[in-house]
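Novice: Pasting in a structure now, in structure tokens, and then I'll have a few things to ask.
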Amino acid sequence: MNVALETRPAAGPIGIRRKVAAYVALTKPRVIELLLVVTAPTMILAKNGLPSVWLVLATLVGGAMSAGSAGAFNCYIDRDIDRVMKRTSKRPLVTGELSDREALVFAYVLGVASILWLGVFANWLAAALSLGAILLYVVFYSLILKRRTSQNIVWGGVAGCMPVLIGWAAVTGSLTWTPFILFMVIFLWTPPHYWPLSMKYREDYKAAGVPMLAVVRGRAAVGLQVVLYAWATVACSLLLVPVAGMGVLYSVVALAAGGWFIYETHRLYNLAIRHGDASPMRVFHGSIAYLSLLFLAIAIDPLLPF
């Protein structure tokens with residue numbers, strides 16, 4: 001199917017407020033929110049207490065700009081398939097609210113600004129990791145992997161793991177085993193988070209020619225992979241207890257929230273093999289709740305006396 005369609009012209013002149021909203025949409029704000037959820041708790045753990053409020057704000061702003069730049073580049077690269085998929089049909093490059101040139105210039109400016117911001121207000125290790133995150137998402141995932149392999153989201157998810165390294169580096173100026181365990185938690189969490197979404201929008205991805213696992217394999221096969229990655233995620237999260245010296249609160253939350261997350265993935269798999277209503281979005285939303293609870297515990301645990 002030919003996906004090289006023309007951008008639909010926007011209906012009438014675009015006001016400043018609508019233009020700003022289009023630029024914001026280009027950054028994929030919901031993705032940014034999720035990335036920031038893991039950054040601040042990582043900084044608290046790195047400090048083993050409360051870091052400077054200014055440093056936290058500066059790192060969150062820089063991280064948001066970095067993620068926004070990567071999202072804008074992705075919207076530019078994927079503008080052809082976004083015009084085919086119903087889920088992405090209202091993105092600003094599809095509707096014509098922004099031109100291709102406007103999107104590309106915005107992505108470059110935001111990316112450069114994010115690196116300079118982090119370099120000046122955090123440190124240059126954090127800035128270098130931010131640059132690496134942008135390149136991983138734009139080049140490794142969007143340009144190389146996404147349209148070539150069903151494992152695209154597995155390895156492409158590396159970019160989404162970078163905020164914990166950036167947050168840790170911003171506080172300490174170095175990296176230890178703890179941030180890499182956090183990195184692996186998010187890396188292993190990404191497939192059981194995203195594959196249920198691809199199950200729901202399977203026909204969209206199929207029409208666009210994107211070989212998501214749900215497109216090339218059956219629901220049962222995808223459900224099994226979701227279960228396996230969920231178990232691996234929870235197991236990896238428990239490594240923080242001995243390595244980072246996490247306390248009772250984190251241990252309880254990691255076990256309880258992890259057990260619930262694993263249960264939901266097993267439920268999805270059981271429904272898939274029985275050809276029932278698999279309701280994959282339940283696992284998708286549940287995965288977000290799980291990660292949020294886990295990192296909330298990471299933020300609170302170092303502040304407790306036990």
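In the structure tokens, the first chain shown is A, the next is B, and so on; residue numbers restart at 1 for each chain, and ligands run from 1 in the order shown.
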Would you tabulate, counting only C-alpha atoms, all residues of range 73-92 of chain A that have an atom at most 9 Å from an atom of range 203-219 of chain A, showing the closest pair of atoms and their distance in Å to one decimal, sorted by chain then ascending number, as a Markdown table?

Specialist:
```
| residue | atom | partner | partner_atom | distance |
| --- | --- | --- | --- | --- |
| A:Asp80 | CA | A:Ala208 | CA | 8.5 |
| A:Ile81 | CA | A:Ala208 | CA | 5.3 |
| A:Asp82 | CA | A:Ala208 | CA | 8.0 |
| A:Arg83 | CA | A:Ala208 | CA | 8.7 |
| A:Val84 | CA | A:Ala208 | CA | 5.9 |
| A:Met85 | CA | A:Asp204 | CA | 4.9 |
| A:Lys86 | CA | A:Asp204 | CA | 6.6 |
| A:Arg87 | CA | A:Asp204 | CA | 7.5 |
```

Novice: Quick one: residues within 8 Å of range 277-290 of chain A, only C-alpha atoms, excluding same-chain residues fewer than 2 positions away - as a PyMOL selection string?

Specialist: chain A and resi 34+189+192-194+196-197+199-200+257-258+261+264-265+268-269+271-272+275+292-294

Novice: I'd like the contact shell of Ala230 in chain A - 6 Å cut-off, only C-alpha atoms, skipping same-chain residues fewer than 3 positions apart - returned as a ChimeraX atom specification.

Specialist: /A:227,233,262

Novice: Counting only C-alpha atoms, which residues of range 88-159 of chain A fall within 12 Å of range 174-188 of chain A, and what is the closest atom pair for each with its distance in Å at one decimal, ordered by chain and rising number, as CSV?

Specialist:
```
residue,atom,partner,partner_atom,distance
A:Asn123,CA,A:Ser174,CA,10.0
A:Trp124,CA,A:Ser174,CA,10.5
A:Leu125,CA,A:Ser174,CA,7.5
A:Ala126,CA,A:Ser174,CA,9.0
A:Ala128,CA,A:Ser174,CA,12.0
A:Leu129,CA,A:Leu175,CA,11.0
A:Ile153,CA,A:Phe187,CA,9.7
A:Val154,CA,A:Phe187,CA,7.4
A:Trp155,CA,A:Phe187,CA,8.2
A:Gly156,CA,A:Phe187,CA,9.3
A:Gly157,CA,A:Phe187,CA,6.1
A:Val158,CA,A:Phe187,CA,6.1
A:Ala159,CA,A:Phe187,CA,8.9
```

Novice: Can you write out the residues you just picked, keeping N, CA and C atoms, as a PDB file, in the first residue's frame?

Specialist:
```pdb
ATOM      1  N   ASN A 123      25.164  18.972  34.125  1.00  0.00           N
ATOM      2  CA  ASN A 123      26.569  18.728  33.797  1.00  0.00           C
ATOM      3  C   ASN A 123      26.642  18.131  32.399  1.00  0.00           C
ATOM      4  N   TRP A 124      27.846  18.053  31.868  1.00  0.00           N
ATOM      5  CA  TRP A 124      27.983  17.649  30.461  1.00  0.00           C
ATOM      6  C   TRP A 124      27.829  16.150  30.259  1.00  0.00           C
ATOM      7  N   LEU A 125      27.947  15.348  31.323  1.00  0.00           N
ATOM      8  CA  LEU A 125      27.638  13.923  31.201  1.00  0.00           C
ATOM      9  C   LEU A 125      26.141  13.749  30.960  1.00  0.00           C
ATOM     10  N   ALA A 126      25.330  14.470  31.725  1.00  0.00           N
ATOM     11  CA  ALA A 126      23.883  14.419  31.516  1.00  0.00           C
ATOM     12  C   ALA A 126      23.523  14.902  30.121  1.00  0.00           C
ATOM     13  N   ALA A 128      25.451  14.765  27.426  1.00  0.00           N
ATOM     14  CA  ALA A 128      25.882  13.754  26.446  1.00  0.00           C
ATOM     15  C   ALA A 128      24.893  12.588  26.410  1.00  0.00           C
ATOM     16  N   LEU A 129      24.393  12.189  27.565  1.00  0.00           N
ATOM     17  CA  LEU A 129      23.403  11.112  27.616  1.00  0.00           C
ATOM     18  C   LEU A 129      22.097  11.543  26.951  1.00  0.00           C
ATOM     19  N   ILE A 153      10.384  -2.461  18.977  1.00  0.00           N
ATOM     20  CA  ILE A 153      10.104  -1.774  20.235  1.00  0.00           C
ATOM     21  C   ILE A 153      11.011  -2.257  21.358  1.00  0.00           C
ATOM     22  N   VAL A 154      11.547  -3.486  21.229  1.00  0.00           N
ATOM     23  CA  VAL A 154      12.446  -4.007  22.261  1.00  0.00           C
ATOM     24  C   VAL A 154      13.723  -3.184  22.297  1.00  0.00           C
ATOM     25  N   TRP A 155      14.417  -3.142  21.157  1.00  0.00           N
ATOM     26  CA  TRP A 155      15.691  -2.428  21.105  1.00  0.00           C
ATOM     27  C   TRP A 155      15.497  -0.926  20.959  1.00  0.00           C
ATOM     28  N   GLY A 156      14.417  -0.532  20.300  1.00  0.00           N
ATOM     29  CA  GLY A 156      14.133   0.890  20.208  1.00  0.00           C
ATOM     30  C   GLY A 156      13.785   1.487  21.552  1.00  0.00           C
ATOM     31  N   GLY A 157      13.333   0.631  22.480  1.00  0.00           N
ATOM     32  CA  GLY A 157      12.989   1.102  23.812  1.00  0.00           C
ATOM     33  C   GLY A 157      14.174   1.568  24.635  1.00  0.00           C
ATOM     34  N   VAL A 158      15.390   1.320  24.147  1.00  0.00           N
ATOM     35  CA  VAL A 158      16.591   1.765  24.861  1.00  0.00           C
ATOM     36  C   VAL A 158      16.549   3.270  25.097  1.00  0.00           C
ATOM     37  N   ALA A 159      16.050   4.008  24.111  1.00  0.00           N
ATOM     38  CA  ALA A 159      15.984   5.470  24.245  1.00  0.00           C
ATOM     39  C   ALA A 159      15.116   5.880  25.424  1.00  0.00           C
TER      40      ALA A 159
END
```

Novice: For CA of Arg79 in chain A and CA of Cys161 in chain A, quote the distance in Å rounded to one decimal.

Specialist: 24.5 Å

Novice: Residues near Leu304 in chain A, anyone? I mean within 10 Å using only C-alpha atoms, not counting same-chain ones fewer than 6 positions away, as a list in words.

Specialist: Gly49, Gly247, Val248 and Leu249 of chain A

Novice: Could you dump the residues just selected with N, CA, C and O atoms as a PDB file, in the first residue's frame?

Specialist:
```pdb
ATOM      1  N   GLY A  49      18.418  11.259  49.324  1.00  0.00           N
ATOM      2  CA  GLY A  49      17.729  12.330  50.025  1.00  0.00           C
ATOM      3  C   GLY A  49      17.176  13.295  48.987  1.00  0.00           C
ATOM      4  O   GLY A  49      17.044  12.938  47.817  1.00  0.00           O
ATOM      5  N   GLY A 247      14.712  -0.180  51.121  1.00  0.00           N
ATOM      6  CA  GLY A 247      14.130  -0.594  52.380  1.00  0.00           C
ATOM      7  C   GLY A 247      12.812  -1.338  52.252  1.00  0.00           C
ATOM      8  O   GLY A 247      12.456  -1.848  51.188  1.00  0.00           O
ATOM      9  N   VAL A 248      12.072  -1.347  53.357  1.00  0.00           N
ATOM     10  CA  VAL A 248      10.836  -2.129  53.445  1.00  0.00           C
ATOM     11  C   VAL A 248       9.787  -1.610  52.463  1.00  0.00           C
ATOM     12  O   VAL A 248       9.117  -2.399  51.785  1.00  0.00           O
ATOM     13  N   LEU A 249       9.602  -0.302  52.407  1.00  0.00           N
ATOM     14  CA  LEU A 249       8.555   0.246  51.549  1.00  0.00           C
ATOM     15  C   LEU A 249       8.755  -0.173  50.103  1.00  0.00           C
ATOM     16  O   LEU A 249       7.821  -0.683  49.465  1.00  0.00           O
TER      17      LEU A 249
END
```

Novice: Pick out the residues sitting within 10 Å of Asn48 in chain A, and hand them over as an mmCIF file with N, CA and C atoms, in the first residue's frame; count only C-alpha atoms, and ignore anything fewer than 2 positions along from it in its own chain.

Specialist:
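Written out: around_7.cif:
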```cif
data_model
loop_
_atom_site.group_PDB
_atom_site.id
_atom_site.type_symbol
_atom_site.label_atom_id
_atom_site.label_comp_id
_atom_site.auth_asym_id
_atom_site.auth_seq_id
_atom_site.Cartn_x
_atom_site.Cartn_y
_atom_site.Cartn_z
ATOM 1 N N THR A 42 14.640 8.926 40.473
ATOM 2 C CA THR A 42 16.024 8.489 40.303
ATOM 3 C C THR A 42 16.983 9.491 40.921
ATOM 4 N N MET A 43 16.685 10.773 40.783
ATOM 5 C CA MET A 43 17.549 11.805 41.360
ATOM 6 C C MET A 43 17.526 11.763 42.881
ATOM 7 N N ILE A 44 16.361 11.484 43.463
ATOM 8 C CA ILE A 44 16.263 11.357 44.928
ATOM 9 C C ILE A 44 17.080 10.162 45.406
ATOM 10 N N LEU A 45 16.984 9.049 44.677
ATOM 11 C CA LEU A 45 17.757 7.861 45.044
ATOM 12 C C LEU A 45 19.253 8.120 44.904
ATOM 13 N N ALA A 46 19.641 8.833 43.853
ATOM 14 C CA ALA A 46 21.067 9.138 43.640
ATOM 15 C C ALA A 46 21.621 9.989 44.776
ATOM 16 N N LEU A 50 16.891 14.505 49.401
ATOM 17 C CA LEU A 50 16.327 15.475 48.462
ATOM 18 C C LEU A 50 17.433 16.300 47.812
ATOM 19 N N PRO A 51 17.577 16.216 46.489
ATOM 20 C CA PRO A 51 18.552 17.053 45.803
ATOM 21 C C PRO A 51 18.057 18.488 45.710
ATOM 22 N N ALA A 244 21.044 -1.390 45.769
ATOM 23 C CA ALA A 244 20.873 -0.001 46.191
ATOM 24 C C ALA A 244 20.476 0.136 47.655
ATOM 25 N N ALA A 299 11.181 6.981 45.070
ATOM 26 C CA ALA A 299 11.335 8.354 45.543
ATOM 27 C C ALA A 299 11.158 8.471 47.050
ATOM 28 N N ASP A 301 11.295 5.869 49.462
ATOM 29 C CA ASP A 301 12.083 4.946 50.290
ATOM 30 C C ASP A 301 13.352 5.577 50.872
ATOM 31 N N PRO A 302 14.146 6.322 50.084
ATOM 32 C CA PRO A 302 15.380 6.909 50.666
ATOM 33 C C PRO A 302 15.115 7.953 51.740
ATOM 34 N N LEU A 303 13.880 8.474 51.807
ATOM 35 C CA LEU A 303 13.548 9.516 52.760
ATOM 36 C C LEU A 303 13.081 8.945 54.090
#
```
